[in-house]
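Novice: Provided herewith: query-v1.txt, compact mmCIF, C-alpha atoms and all ligand atoms.
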```txt
# COMPACT_ATOMS: atom_id res chain seq x y z
CA MET Q 1 2.42 22.15 3.93
CA ARG Q 2 4.28 18.88 3.37
CA ARG Q 3 2.79 16.50 0.84
CA VAL Q 4 2.20 12.75 1.27
CA PHE Q 5 1.42 10.37 -1.55
CA SER Q 6 0.76 6.63 -1.46
CA GLY Q 7 -1.09 3.95 -3.40
CA ILE Q 8 -2.61 0.49 -3.17
CA GLN Q 9 -3.14 -2.12 -5.88
CA PRO Q 10 -6.55 -3.61 -6.67
CA SER Q 11 -4.89 -7.01 -6.96
CA GLY Q 12 -7.11 -8.73 -4.40
CA GLU Q 13 -9.00 -7.98 -1.20
CA MET Q 14 -7.51 -5.43 1.18
CA HIS Q 15 -5.93 -7.29 4.11
CA LEU Q 16 -4.89 -6.30 7.57
CA GLY Q 17 -1.27 -5.82 6.44
CA ASN Q 18 -2.36 -3.16 3.93
CA TYR Q 19 -4.57 -1.53 6.53
CA LEU Q 20 -2.11 -1.45 9.44
CA GLY Q 21 1.04 -0.96 7.37
CA ALA Q 22 -0.32 1.84 5.22
CA VAL Q 23 -3.99 2.82 4.99
CA ARG Q 24 -4.58 3.52 8.67
CA ARG Q 25 -1.78 6.10 8.61
CA TRP Q 26 -3.14 7.62 5.41
CA VAL Q 27 -6.33 8.43 7.31
CA ALA Q 28 -4.39 10.14 10.11
CA ASP Q 29 -2.11 11.96 7.66
CA GLN Q 30 -4.95 13.62 5.75
CA GLU Q 31 -5.49 15.85 8.81
CA ARG Q 32 -1.93 17.26 8.90
CA TYR Q 33 -0.62 16.95 5.37
CA ASP Q 34 -1.53 17.79 1.83
CA ALA Q 35 -2.48 14.16 1.13
CA ILE Q 36 -2.88 12.35 -2.20
CA TYR Q 37 -3.89 8.68 -2.42
CA CYS Q 38 -4.35 6.48 -5.42
CA VAL Q 39 -5.75 3.09 -6.40
CA VAL Q 40 -2.89 1.91 -8.60
CA ASP Q 41 -4.76 -0.20 -11.14
CA LEU Q 42 -1.93 -0.16 -13.71
CA HIS Q 43 0.27 -1.97 -11.19
CA ALA Q 44 -2.32 -4.74 -10.88
CA MET Q 45 -1.84 -5.50 -14.61
CA THR Q 46 1.79 -6.55 -14.16
CA VAL Q 47 0.80 -10.12 -13.24
CA PRO Q 48 -1.96 -12.26 -14.79
CA TYR Q 49 -5.37 -10.89 -13.69
CA ASP Q 50 -9.06 -11.31 -14.42
CA VAL Q 51 -10.11 -8.68 -16.99
CA ALA Q 52 -13.78 -8.94 -16.01
CA GLU Q 53 -12.94 -8.12 -12.39
CA LEU Q 54 -10.41 -5.28 -12.58
CA ALA Q 55 -12.81 -2.30 -12.85
CA GLY Q 56 -15.07 -3.65 -10.08
CA ARG Q 57 -12.12 -4.35 -7.79
CA THR Q 58 -10.79 -0.85 -8.41
CA ARG Q 59 -14.10 0.77 -7.41
CA GLU Q 60 -14.50 -1.54 -4.40
CA LEU Q 61 -11.02 -0.73 -3.17
CA ALA Q 62 -11.72 3.00 -3.44
CA MET Q 63 -14.92 2.40 -1.49
CA LEU Q 64 -12.95 0.50 1.16
CA LEU Q 65 -10.48 3.37 1.47
CA MET Q 66 -13.39 5.73 2.05
CA ALA Q 67 -14.89 3.28 4.55
CA ALA Q 68 -11.51 3.21 6.32
CA GLY Q 69 -11.78 6.98 6.76
CA LEU Q 70 -10.30 8.66 3.69
CA ASP Q 71 -12.42 11.73 3.09
CA PRO Q 72 -12.34 13.15 -0.44
CA GLN Q 73 -12.93 16.62 1.08
CA ARG Q 74 -9.69 16.30 3.07
CA CYS Q 75 -7.48 14.43 0.61
CA VAL Q 76 -7.23 13.71 -3.10
CA LEU Q 77 -8.40 10.16 -3.87
CA PHE Q 78 -8.26 8.92 -7.45
CA VAL Q 79 -7.55 6.03 -9.82
CA GLN Q 80 -4.08 5.90 -11.37
CA SER Q 81 -5.16 5.08 -14.94
CA HIS Q 82 -7.48 8.13 -14.96
CA VAL Q 83 -4.40 10.39 -14.98
CA PRO Q 84 -2.31 9.52 -18.06
CA ALA Q 85 0.62 11.66 -16.82
CA HIS Q 86 1.67 8.62 -14.71
CA THR Q 87 2.52 6.57 -17.78
CA GLU Q 88 4.13 9.48 -19.61
CA LEU Q 89 6.46 10.25 -16.73
CA THR Q 90 7.23 6.53 -16.46
CA TRP Q 91 8.66 6.57 -19.97
CA ILE Q 92 10.89 9.55 -19.23
CA LEU Q 93 12.08 7.96 -15.97
CA ASN Q 94 12.70 4.68 -17.82
CA CYS Q 95 15.45 6.58 -19.57
CA VAL Q 96 16.98 7.50 -16.18
CA ALA Q 97 16.56 4.25 -14.19
CA THR Q 98 18.95 1.42 -15.03
CA VAL Q 99 18.34 -2.25 -15.79
CA GLY Q 100 20.92 -3.11 -13.11
CA GLU Q 101 18.97 -1.42 -10.31
CA LEU Q 102 15.66 -2.92 -11.45
CA ARG Q 103 17.24 -6.39 -11.45
CA ARG Q 104 18.10 -5.95 -7.79
CA MET Q 105 14.47 -5.44 -6.72
CA THR Q 106 13.51 -8.19 -4.26
CA GLN Q 107 9.82 -8.06 -5.17
CA PHE Q 108 10.64 -8.65 -8.84
CA LYS Q 109 12.80 -11.63 -7.91
CA GLU Q 110 10.06 -13.08 -5.69
CA LYS Q 111 7.16 -12.52 -8.09
CA SER Q 112 9.04 -13.73 -11.17
CA HIS Q 113 10.59 -16.75 -9.45
CA GLY Q 114 9.58 -20.00 -11.15
CA GLN Q 115 7.34 -18.24 -13.73
CA GLU Q 116 7.64 -19.37 -17.32
CA SER Q 117 6.82 -15.96 -18.72
CA VAL Q 118 7.33 -12.65 -16.91
CA SER Q 119 5.92 -9.37 -18.27
CA ALA Q 120 8.18 -6.41 -18.94
CA GLY Q 121 5.62 -4.52 -16.81
CA LEU Q 122 6.54 -6.56 -13.72
CA PHE Q 123 10.18 -5.68 -14.26
CA ASP Q 124 9.35 -2.00 -14.81
CA TYR Q 125 6.81 -1.71 -11.96
CA PRO Q 126 9.21 0.21 -9.66
CA VAL Q 127 9.67 2.91 -12.32
CA LEU Q 128 5.90 3.34 -12.62
CA MET Q 129 5.85 3.60 -8.82
CA ALA Q 130 8.62 6.21 -8.92
CA ALA Q 131 6.56 8.17 -11.46
CA ASP Q 132 3.46 7.91 -9.22
CA ILE Q 133 5.39 9.45 -6.34
CA LEU Q 134 7.50 12.04 -8.19
CA LEU Q 135 4.56 13.38 -10.20
CA TYR Q 136 3.14 15.02 -7.08
CA ASP Q 137 6.23 16.70 -5.59
CA THR Q 138 5.86 14.22 -2.73
CA ASN Q 139 7.78 14.72 0.52
CA GLU Q 140 6.72 11.55 2.36
CA VAL Q 141 5.48 8.13 1.27
CA PRO Q 142 3.71 6.17 4.06
CA VAL Q 143 4.18 2.48 3.20
CA GLY Q 144 4.72 -0.94 4.78
CA GLU Q 145 8.22 -2.36 5.14
CA ASP Q 146 7.91 -4.38 1.88
CA GLN Q 147 7.92 -1.17 -0.17
CA ARG Q 148 11.11 0.28 1.37
CA GLN Q 149 13.29 -0.77 -1.57
CA HIS Q 150 10.90 0.69 -4.16
CA VAL Q 151 10.78 4.09 -2.44
CA GLU Q 152 14.60 4.00 -2.22
CA LEU Q 153 14.63 3.52 -5.99
CA ALA Q 154 12.27 6.49 -6.48
CA ARG Q 155 14.73 8.60 -4.45
CA ASP Q 156 17.72 7.41 -6.46
CA VAL Q 157 15.94 8.12 -9.74
CA ALA Q 158 14.92 11.62 -8.58
CA ILE Q 159 18.47 12.43 -7.43
CA ARG Q 160 19.95 11.17 -10.73
CA PHE Q 161 17.34 13.08 -12.74
CA ASN Q 162 18.11 16.31 -10.86
CA HIS Q 163 21.83 15.76 -11.35
CA ARG Q 164 21.37 15.27 -15.09
CA TYR Q 165 18.75 17.92 -15.84
CA GLY Q 166 18.97 20.38 -12.93
CA GLU Q 167 16.83 20.61 -9.76
CA THR Q 168 13.35 19.55 -10.93
CA LEU Q 169 11.96 16.71 -8.81
CA VAL Q 170 11.31 16.62 -5.07
CA VAL Q 171 13.27 13.77 -3.45
CA PRO Q 172 10.77 11.79 -1.31
CA GLU Q 173 11.31 9.73 1.82
CA ALA Q 174 9.47 6.61 2.99
CA THR Q 175 7.80 6.48 6.42
CA PHE Q 176 6.85 3.29 8.30
CA PRO Q 177 4.44 2.55 11.16
CA PRO Q 178 5.83 1.95 14.68
CA VAL Q 179 4.02 -1.44 14.89
CA ALA Q 180 2.77 -3.80 12.16
CA ALA Q 181 5.14 -2.53 9.46
CA ARG Q 182 5.27 -6.10 8.13
CA VAL Q 183 2.26 -8.17 9.12
CA LYS Q 184 2.99 -11.86 8.59
CA ASP Q 185 0.94 -14.64 7.04
CA LEU Q 186 -0.93 -16.55 9.78
CA GLN Q 187 -0.05 -19.91 8.24
CA ASP Q 188 3.56 -19.02 7.48
CA PRO Q 189 4.67 -16.35 9.96
CA ARG Q 190 8.03 -15.91 8.25
CA ALA Q 191 6.32 -14.62 5.07
CA LYS Q 192 4.41 -11.35 4.74
CA MET Q 193 0.64 -11.32 4.63
CA SER Q 194 -0.25 -10.78 0.99
CA LYS Q 195 -3.26 -10.31 -1.30
CA SER Q 196 -1.88 -12.91 -3.66
CA SER Q 197 -0.97 -15.41 -0.93
CA GLU Q 198 -1.59 -19.05 -1.72
CA SER Q 199 -2.92 -19.75 1.76
CA PRO Q 200 -6.30 -18.00 2.06
CA HIS Q 201 -6.40 -18.89 5.77
CA GLY Q 202 -3.14 -17.02 6.26
CA THR Q 203 -4.58 -13.66 5.19
CA LEU Q 204 -7.02 -11.60 7.27
CA ASN Q 205 -9.12 -9.48 4.93
CA VAL Q 206 -10.57 -6.32 6.42
CA LEU Q 207 -14.04 -7.30 5.22
CA ASP Q 208 -13.92 -10.85 6.56
CA PRO Q 209 -17.04 -11.47 8.70
CA PRO Q 210 -16.31 -11.84 12.44
CA GLU Q 211 -16.70 -15.64 12.41
CA VAL Q 212 -14.21 -15.97 9.52
CA LEU Q 213 -11.67 -13.71 11.25
CA THR Q 214 -12.05 -15.71 14.45
CA LYS Q 215 -11.65 -19.03 12.65
CA LYS Q 216 -8.53 -17.88 10.81
CA ILE Q 217 -6.93 -16.69 14.04
CA ARG Q 218 -7.90 -19.91 15.83
CA SER Q 219 -6.08 -21.90 13.14
CA ALA Q 220 -3.03 -19.58 13.04
CA VAL Q 221 0.29 -21.40 13.29
CA THR Q 222 1.82 -20.94 16.75
CA ASP Q 223 5.23 -21.84 18.06
CA SER Q 224 6.53 -24.55 20.36
CA GLY Q 225 6.19 -23.87 24.08
CA THR Q 226 3.26 -22.24 25.82
CA GLU Q 227 4.53 -18.79 26.64
CA VAL Q 228 2.99 -15.64 25.11
CA ARG Q 229 6.12 -13.58 24.47
CA HIS Q 230 7.21 -11.13 21.74
CA ASP Q 231 10.23 -12.71 20.13
CA PRO Q 232 10.07 -12.55 16.31
CA GLU Q 233 13.05 -14.90 15.89
CA GLU Q 234 12.07 -17.66 18.31
CA LYS Q 235 8.29 -17.16 18.26
CA PRO Q 236 7.27 -15.62 14.93
CA GLY Q 237 3.64 -16.83 15.08
CA ILE Q 238 2.93 -15.52 18.59
CA SER Q 239 4.83 -12.29 17.90
CA ASN Q 240 2.73 -11.64 14.79
CA LEU Q 241 -0.49 -12.09 16.76
CA LEU Q 242 0.85 -9.81 19.52
CA ASP Q 243 1.64 -7.17 16.89
CA LEU Q 244 -1.94 -7.42 15.60
CA TYR Q 245 -3.34 -7.14 19.12
CA ALA Q 246 -1.14 -4.13 19.92
CA ALA Q 247 -2.14 -2.38 16.67
CA ALA Q 248 -5.86 -3.11 17.15
CA THR Q 249 -6.01 -1.99 20.77
CA GLY Q 250 -3.60 0.93 20.41
CA THR Q 251 -1.31 -0.39 23.17
CA GLY Q 252 2.43 -0.78 22.65
CA ILE Q 253 3.98 -4.24 22.26
CA GLU Q 254 5.27 -4.29 25.84
CA LYS Q 255 1.88 -3.46 27.30
CA ALA Q 256 0.17 -6.04 25.07
CA GLU Q 257 2.71 -8.64 26.16
CA ALA Q 258 2.14 -7.79 29.83
CA GLU Q 259 -1.66 -7.98 29.42
CA LEU Q 260 -1.61 -11.36 27.70
CA ALA Q 261 1.42 -13.03 29.26
CA GLY Q 262 -0.57 -15.35 31.55
CA SER Q 263 -2.93 -16.68 28.87
CA GLY Q 264 -2.73 -20.09 27.26
CA TYR Q 265 -2.56 -20.09 23.45
CA GLY Q 266 -6.31 -20.78 23.10
CA ASP Q 267 -7.34 -17.90 25.34
CA PHE Q 268 -4.70 -15.63 23.80
CA LYS Q 269 -6.04 -16.27 20.29
CA ARG Q 270 -9.61 -15.62 21.42
CA ARG Q 271 -8.59 -12.23 22.84
CA VAL Q 272 -6.69 -11.32 19.67
CA ALA Q 273 -9.70 -12.30 17.54
CA ASP Q 274 -12.14 -10.30 19.71
CA ALA Q 275 -9.90 -7.23 19.54
CA LEU Q 276 -9.64 -7.44 15.74
CA VAL Q 277 -13.37 -7.97 15.26
CA GLU Q 278 -14.08 -4.81 17.28
CA PHE Q 279 -11.31 -2.90 15.59
CA LEU Q 280 -12.68 -3.61 12.11
CA ARG Q 281 -16.37 -3.21 12.95
CA PRO Q 282 -16.69 0.52 12.03
CA LEU Q 283 -14.95 -0.06 8.69
CA ARG Q 284 -17.30 -2.97 7.85
CA GLU Q 285 -20.37 -0.93 8.76
CA ARG Q 286 -19.29 2.12 6.80
CA TYR Q 287 -18.46 -0.05 3.78
CA ALA Q 288 -21.99 -1.50 3.79
CA GLU Q 289 -23.40 2.07 3.70
CA LEU Q 290 -21.15 3.17 0.83
CA ALA Q 291 -21.86 0.02 -1.17
CA GLY Q 292 -25.49 1.14 -1.31
CA ASP Q 293 -24.50 4.08 -3.54
CA PRO Q 294 -21.64 3.12 -5.91
CA SER Q 295 -22.35 6.10 -8.19
CA GLU Q 296 -21.32 8.49 -5.39
CA VAL Q 297 -17.94 6.74 -5.17
CA SER Q 298 -17.48 7.08 -8.95
CA ARG Q 299 -18.34 10.78 -8.68
CA GLN Q 300 -15.77 11.30 -5.93
CA LEU Q 301 -13.14 9.47 -7.98
CA GLU Q 302 -13.78 11.72 -10.94
CA LEU Q 303 -13.41 14.84 -8.76
CA GLY Q 304 -10.20 13.32 -7.36
CA ALA Q 305 -8.82 12.65 -10.86
CA VAL Q 306 -9.42 16.27 -11.88
CA LYS Q 307 -7.55 17.57 -8.82
CA ALA Q 308 -4.70 15.06 -9.27
CA GLU Q 309 -4.37 15.89 -12.95
CA THR Q 310 -3.93 19.59 -12.25
CA ILE Q 311 -0.97 18.90 -9.97
CA ALA Q 312 0.49 16.18 -12.20
CA THR Q 313 0.29 18.28 -15.36
CA ALA Q 314 2.30 21.11 -13.80
CA VAL Q 315 5.06 18.71 -12.70
CA LEU Q 316 5.09 16.92 -16.04
CA ASP Q 317 5.35 20.26 -17.91
CA ARG Q 318 8.39 21.07 -15.79
CA VAL Q 319 9.91 17.68 -16.64
CA ARG Q 320 9.17 18.06 -20.36
CA ARG Q 321 10.81 21.48 -20.35
CA VAL Q 322 14.06 20.44 -18.71
CA THR Q 323 14.43 17.24 -20.74
CA GLY Q 324 14.45 19.15 -24.03
CA LEU Q 325 11.18 17.92 -25.58
CA LEU Q 326 9.67 20.27 -28.16
CA PRO Q 327 6.72 22.16 -26.61
CA ARG Q 328 3.44 21.81 -28.43
CA HIS Q 329 2.07 25.08 -29.82
CA PRO Q 330 -1.57 25.68 -30.66
CA ALA Q 331 -2.08 26.06 -34.44
N1 LIG Q 401 1.99 -7.66 5.12
C1 LIG Q 401 2.06 -6.33 5.12
N2 LIG Q 401 2.34 -5.68 6.27
C2 LIG Q 401 2.39 -4.30 6.30
N3 LIG Q 401 2.16 -3.54 5.22
C3 LIG Q 401 1.87 -4.16 4.05
N4 LIG Q 401 1.57 -3.70 2.82
C4 LIG Q 401 1.35 -4.75 1.98
N5 LIG Q 401 1.49 -5.91 2.64
C5 LIG Q 401 1.81 -5.57 3.94
C6 LIG Q 401 1.51 -2.28 2.47
O1 LIG Q 401 0.21 -2.01 1.92
C7 LIG Q 401 0.32 -0.96 0.97
C8 LIG Q 401 -0.39 -1.34 -0.30
O2 LIG Q 401 0.21 -2.52 -0.82
P1 LIG Q 401 0.12 -2.85 -2.36
O3 LIG Q 401 -1.28 -2.86 -2.80
O4 LIG Q 401 1.04 -1.96 -3.10
O5 LIG Q 401 0.62 -4.31 -2.48
P2 LIG Q 401 1.94 -5.05 -2.07
O6 LIG Q 401 2.83 -4.21 -1.22
O7 LIG Q 401 2.58 -5.64 -3.28
O8 LIG Q 401 1.41 -6.21 -1.14
P3 LIG Q 401 0.13 -7.11 -1.20
O9 LIG Q 401 -1.02 -6.40 -0.54
O10 LIG Q 401 0.52 -8.36 -0.60
O11 LIG Q 401 -0.27 -7.31 -2.72
P4 LIG Q 401 0.25 -8.35 -3.81
O12 LIG Q 401 0.00 -9.72 -3.27
O13 LIG Q 401 -0.58 -8.04 -5.02
O14 LIG Q 401 1.72 -8.09 -4.00
C9 LIG Q 401 1.83 -0.73 0.74
O15 LIG Q 401 2.22 0.44 1.43
C10 LIG Q 401 2.47 -1.94 1.35
O16 LIG Q 401 3.76 -1.66 1.87
```
What does the file become when written as structure tokens?
Specialist:
Amino acid sequence: MRRVFSGIQPSGEMHLGNYLGAVRRWVADQERYDAIYCVVDLHAMTVPYDVAELAGRTRELAMLLMAAGLDPQRCVLFVQSHVPAHTELTWILNCVATVGELRRMTQFKEKSHGQESVSAGLFDYPVLMAADILLYDTNEVPVGEDQRQHVELARDVAIRFNHRYGETLVVPEATFPPVAARVKDLQDPRAKMSKSSESPHGTLNVLDPPEVLTKKIRSAVTDSGTEVRHDPEEKPGISNLLDLYAAATGTGIEKAEAELAGSGYGDFKRRVADALVEFLRPLRERYAELAGDPSEVSRQLELGAVKAETIATAVLDRVRRVTGLLPRHPA
């Protein structure tokens, strides 16, 4: 059976971009693939963060993934830092990846732009991500459009590693959703919706109460004219809302456009908001149930870490062998 692997950072609240671009497909994929998903807490340390909040955010995000439909009986769900093989493989891959290719990473350029001090971790983040993926003999990586370049790098590193040391690592490929591969910020529809966005009204969090979701959509930036039409160049704001409507109702873009074409902007936004509120209702309700028993989530994460470690250790042993490291022998 083909294997999928993907991860999400506990760097803020899960938003609709994360859900539609990635997590929703993870839920579907656990039925047909050997699926492994990870809360990538080490990635969240690459930019300044609140130490007192990291552990809580990590557990909450795992709980949200379960509320979204990830079932630890059907997939492996764990926390990245619980499996130290991720950091060990990162070091070995650091000796295969090049500074030149890391310098070309758009996300590094964006996140480091204008910062006085940038951590080496932010620069090296794509190698940690390559290690996350390659450690599980991953065939497919379901991600949003913003992660395309990082998965490309993981492929390049795997191909170079295999060329240097012999066939060892599975070369993965990224997969993207048919709609909502890059959900845009509601206040700046040319930028992607992001956990670390500076406009809180631009980001729709999956746990936002209905009235907050509705208010954010009501204040979303629209475009000149009055026509509801999907045209990302000319009408980025309206097109983004149409994408959200299509994803929430399960209709294609064309059908969504046809359904909403006659509406004025006010009515259009109300219908988008209503659709999203309904779409997210089951997730909100399930999250409230899980939050009542956080120890169960911790227990599931521990079981997940044990399963992940078994797979990761076998791959890492293979890597250690081919790279010439001295095997450890019991005394
Ligand atoms: N706006 C988006 N539209 C579609 N997919 C998106 N993803 C992120 N933003 C969008 C996808 O969500 C998955 C998990 O993302 P991540 O936690 O690795 O974070 P990120 O890609 O760096 O984006 P965020 O959520 O905006 O976080 P910050 O602000 O911390 O950088 C990935 O598959 C991603 O493609």
Novice: Report the centre and edge lengths, in Å to one decimal, of an axis-aligned box enclosing every atom of region 156-171 of chain Q listed in the file, padded by 5 Å on each side, as AutoDock Vina command-line options.
Specialist:
```
--center_x 16.6 --center_y 14.0 --center_z -9.6 --size_x 20.5 --size_y 23.2 --size_z 22.4
```
Novice: Extract, using only C-alpha atoms, all DNA, RNA and protein residues at most 6 Å from region 131-145 of chain Q, discarding same-chain residues fewer than 4 positions from it, and format them as a list of chain:residue names.
Specialist: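 Everything that qualifies: Q:Arg3, Q:Val4, Q:Phe5, Q:Ser6, Q:Gly21, Q:Ala22, Q:His86, Q:Leu89, Q:Thr90, Q:Val170, Q:Pro172, Q:Glu173, Q:Ala174, Q:Thr175, Q:Phe176, Q:Ala181, Q:Arg182, Q:Ala312, Q:Val315.
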Novice: Kindly work out which residues sit at most 9 Å from ligand LIG 401 (chain Q), using only C-alpha atoms and all ligand atoms, and give the list as an MDAnalysis selection string.
Specialist: chainID Q and resid 6:23 39:40 43:44 47 107 111 141:148 176:177 180:185 191:197 203
Novice: If I put a ball of radius 9 Å at (-9.9, 7.1, 3.2) in the file's coordinates, which residues poke into it when counting all atoms listed in the file, written as a PyMOL selection string?
Specialist: chain Q and resi 23-24+26-27+30+37+62-72+75+77
Novice: When you count all atoms listed in the file, which of these residues is closest to Gly250 (chain Q): Q:Val228, Q:Ala275, Q:Leu42, Q:Ala305?
Specialist: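 Under the stated criterion, the closest residue is Q:Ala275.
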Novice: So the first atom is CA of Arg320 (chain Q) and the second is CA of Ile92 (chain Q); what is the distance between them in Å, to one decimal place?
Specialist: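 Separation between CA of Arg320 (chain Q) and CA of Ile92 (chain Q): 8.8 Å.
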Novice: Quick one, how far is CA of Ser117 (chain Q) from CA of Met105 (chain Q)?
Specialist: 17.7 Å
Novice: So that I can see what lies close to region 266-269 of chain Q, please list as a ChimeraX atom specification the residues with an atom at most 8 Å from it, counting only C-alpha atoms and leaving out residues fewer than 5 positions away in the same chain.
Specialist: /Q:217-218,228,241,260
Novice: Counting all atoms listed in the file, figure out which residue out of Q:Leu153, Q:Leu204, Q:Val127, Q:Ile253 gets nearest to Cys95 (chain Q).
Specialist: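 Going through Q:Leu153, Q:Leu204, Q:Val127, Q:Ile253 one by one, the smallest distance to Cys95 (chain Q) is for Q:Val127.
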Novice: Here is a test: counting all atoms listed in the file, which residue of Q:Pro84, Q:Gly121, Q:Gly237, Q:Pro48 is nearest to Val306 (chain Q)?
Specialist: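 Result for the nearest residue to Val306 (chain Q): Q:Pro84.
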Novice: Provide region 14-38 of chain Q rebuilt to N, CA and C atoms, formatted as an mmCIF file, keeping the file's coordinate frame.
Specialist:
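Saved result, part.cif, follows:
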```cif
data_model
loop_
_atom_site.group_PDB
_atom_site.id
_atom_site.type_symbol
_atom_site.label_atom_id
_atom_site.label_comp_id
_atom_site.auth_asym_id
_atom_site.auth_seq_id
_atom_site.Cartn_x
_atom_site.Cartn_y
_atom_site.Cartn_z
ATOM 1 N N MET Q 14 -8.409 -6.128 0.246
ATOM 2 C CA MET Q 14 -7.510 -5.430 1.180
ATOM 3 C C MET Q 14 -7.383 -6.245 2.467
ATOM 4 N N HIS Q 15 -6.141 -6.488 2.895
ATOM 5 C CA HIS Q 15 -5.930 -7.290 4.110
ATOM 6 C C HIS Q 15 -5.410 -6.410 5.240
ATOM 7 N N LEU Q 16 -5.277 -7.051 6.386
ATOM 8 C CA LEU Q 16 -4.890 -6.300 7.570
ATOM 9 C C LEU Q 16 -3.477 -5.708 7.449
ATOM 10 N N GLY Q 17 -2.613 -6.353 6.671
ATOM 11 C CA GLY Q 17 -1.270 -5.820 6.440
ATOM 12 C C GLY Q 17 -1.376 -4.478 5.716
ATOM 13 N N ASN Q 18 -2.181 -4.423 4.657
ATOM 14 C CA ASN Q 18 -2.360 -3.160 3.930
ATOM 15 C C ASN Q 18 -2.923 -2.087 4.869
ATOM 16 N N TYR Q 19 -3.891 -2.499 5.675
ATOM 17 C CA TYR Q 19 -4.570 -1.530 6.530
ATOM 18 C C TYR Q 19 -3.637 -0.990 7.614
ATOM 19 N N LEU Q 20 -2.955 -1.897 8.320
ATOM 20 C CA LEU Q 20 -2.110 -1.450 9.440
ATOM 21 C C LEU Q 20 -0.792 -0.859 8.948
ATOM 22 N N GLY Q 21 -0.249 -1.439 7.868
ATOM 23 C CA GLY Q 21 1.040 -0.960 7.370
ATOM 24 C C GLY Q 21 0.905 0.400 6.682
ATOM 25 N N ALA Q 22 -0.229 0.640 6.040
ATOM 26 C CA ALA Q 22 -0.320 1.840 5.220
ATOM 27 C C ALA Q 22 -1.616 2.638 5.455
ATOM 28 N N VAL Q 23 -2.745 2.041 5.113
ATOM 29 C CA VAL Q 23 -3.990 2.820 4.990
ATOM 30 C C VAL Q 23 -4.389 3.548 6.283
ATOM 31 N N ARG Q 24 -4.183 2.885 7.416
ATOM 32 C CA ARG Q 24 -4.580 3.520 8.670
ATOM 33 C C ARG Q 24 -3.818 4.839 8.876
ATOM 34 N N ARG Q 25 -2.556 4.850 8.462
ATOM 35 C CA ARG Q 25 -1.780 6.100 8.610
ATOM 36 C C ARG Q 25 -2.218 7.139 7.585
ATOM 37 N N TRP Q 26 -2.677 6.653 6.407
ATOM 38 C CA TRP Q 26 -3.140 7.620 5.410
ATOM 39 C C TRP Q 26 -4.299 8.449 5.988
ATOM 40 N N VAL Q 27 -5.167 7.753 6.733
ATOM 41 C CA VAL Q 27 -6.330 8.430 7.310
ATOM 42 C C VAL Q 27 -5.859 9.513 8.284
ATOM 43 N N ALA Q 28 -4.901 9.162 9.138
ATOM 44 C CA ALA Q 28 -4.390 10.140 10.110
ATOM 45 C C ALA Q 28 -3.678 11.276 9.377
ATOM 46 N N ASP Q 29 -2.933 10.952 8.344
ATOM 47 C CA ASP Q 29 -2.110 11.960 7.660
ATOM 48 C C ASP Q 29 -2.940 13.006 6.911
ATOM 49 N N GLN Q 30 -4.164 12.640 6.519
ATOM 50 C CA GLN Q 30 -4.950 13.620 5.750
ATOM 51 C C GLN Q 30 -5.302 14.845 6.594
ATOM 52 N N GLU Q 31 -5.191 14.705 7.935
ATOM 53 C CA GLU Q 31 -5.490 15.850 8.810
ATOM 54 C C GLU Q 31 -4.319 16.835 8.871
ATOM 55 N N ARG Q 32 -3.074 16.348 8.677
ATOM 56 C CA ARG Q 32 -1.930 17.260 8.900
ATOM 57 C C ARG Q 32 -1.087 17.504 7.683
ATOM 58 N N TYR Q 33 -1.433 16.811 6.574
ATOM 59 C CA TYR Q 33 -0.620 16.950 5.370
ATOM 60 C C TYR Q 33 -1.517 17.295 4.187
ATOM 61 N N ASP Q 34 -0.875 17.698 3.124
ATOM 62 C CA ASP Q 34 -1.530 17.790 1.830
ATOM 63 C C ASP Q 34 -1.439 16.355 1.275
ATOM 64 N N ALA Q 35 -2.550 15.611 1.336
ATOM 65 C CA ALA Q 35 -2.480 14.160 1.130
ATOM 66 C C ALA Q 35 -3.115 13.718 -0.189
ATOM 67 N N ILE Q 36 -2.397 12.859 -0.909
ATOM 68 C CA ILE Q 36 -2.880 12.350 -2.200
ATOM 69 C C ILE Q 36 -2.769 10.826 -2.179
ATOM 70 N N TYR Q 37 -3.882 10.147 -2.445
ATOM 71 C CA TYR Q 37 -3.890 8.680 -2.420
ATOM 72 C C TYR Q 37 -4.519 8.138 -3.698
ATOM 73 N N CYS Q 38 -4.045 6.955 -4.079
ATOM 74 C CA CYS Q 38 -4.350 6.480 -5.420
ATOM 75 C C CYS Q 38 -4.578 4.970 -5.422
#
```
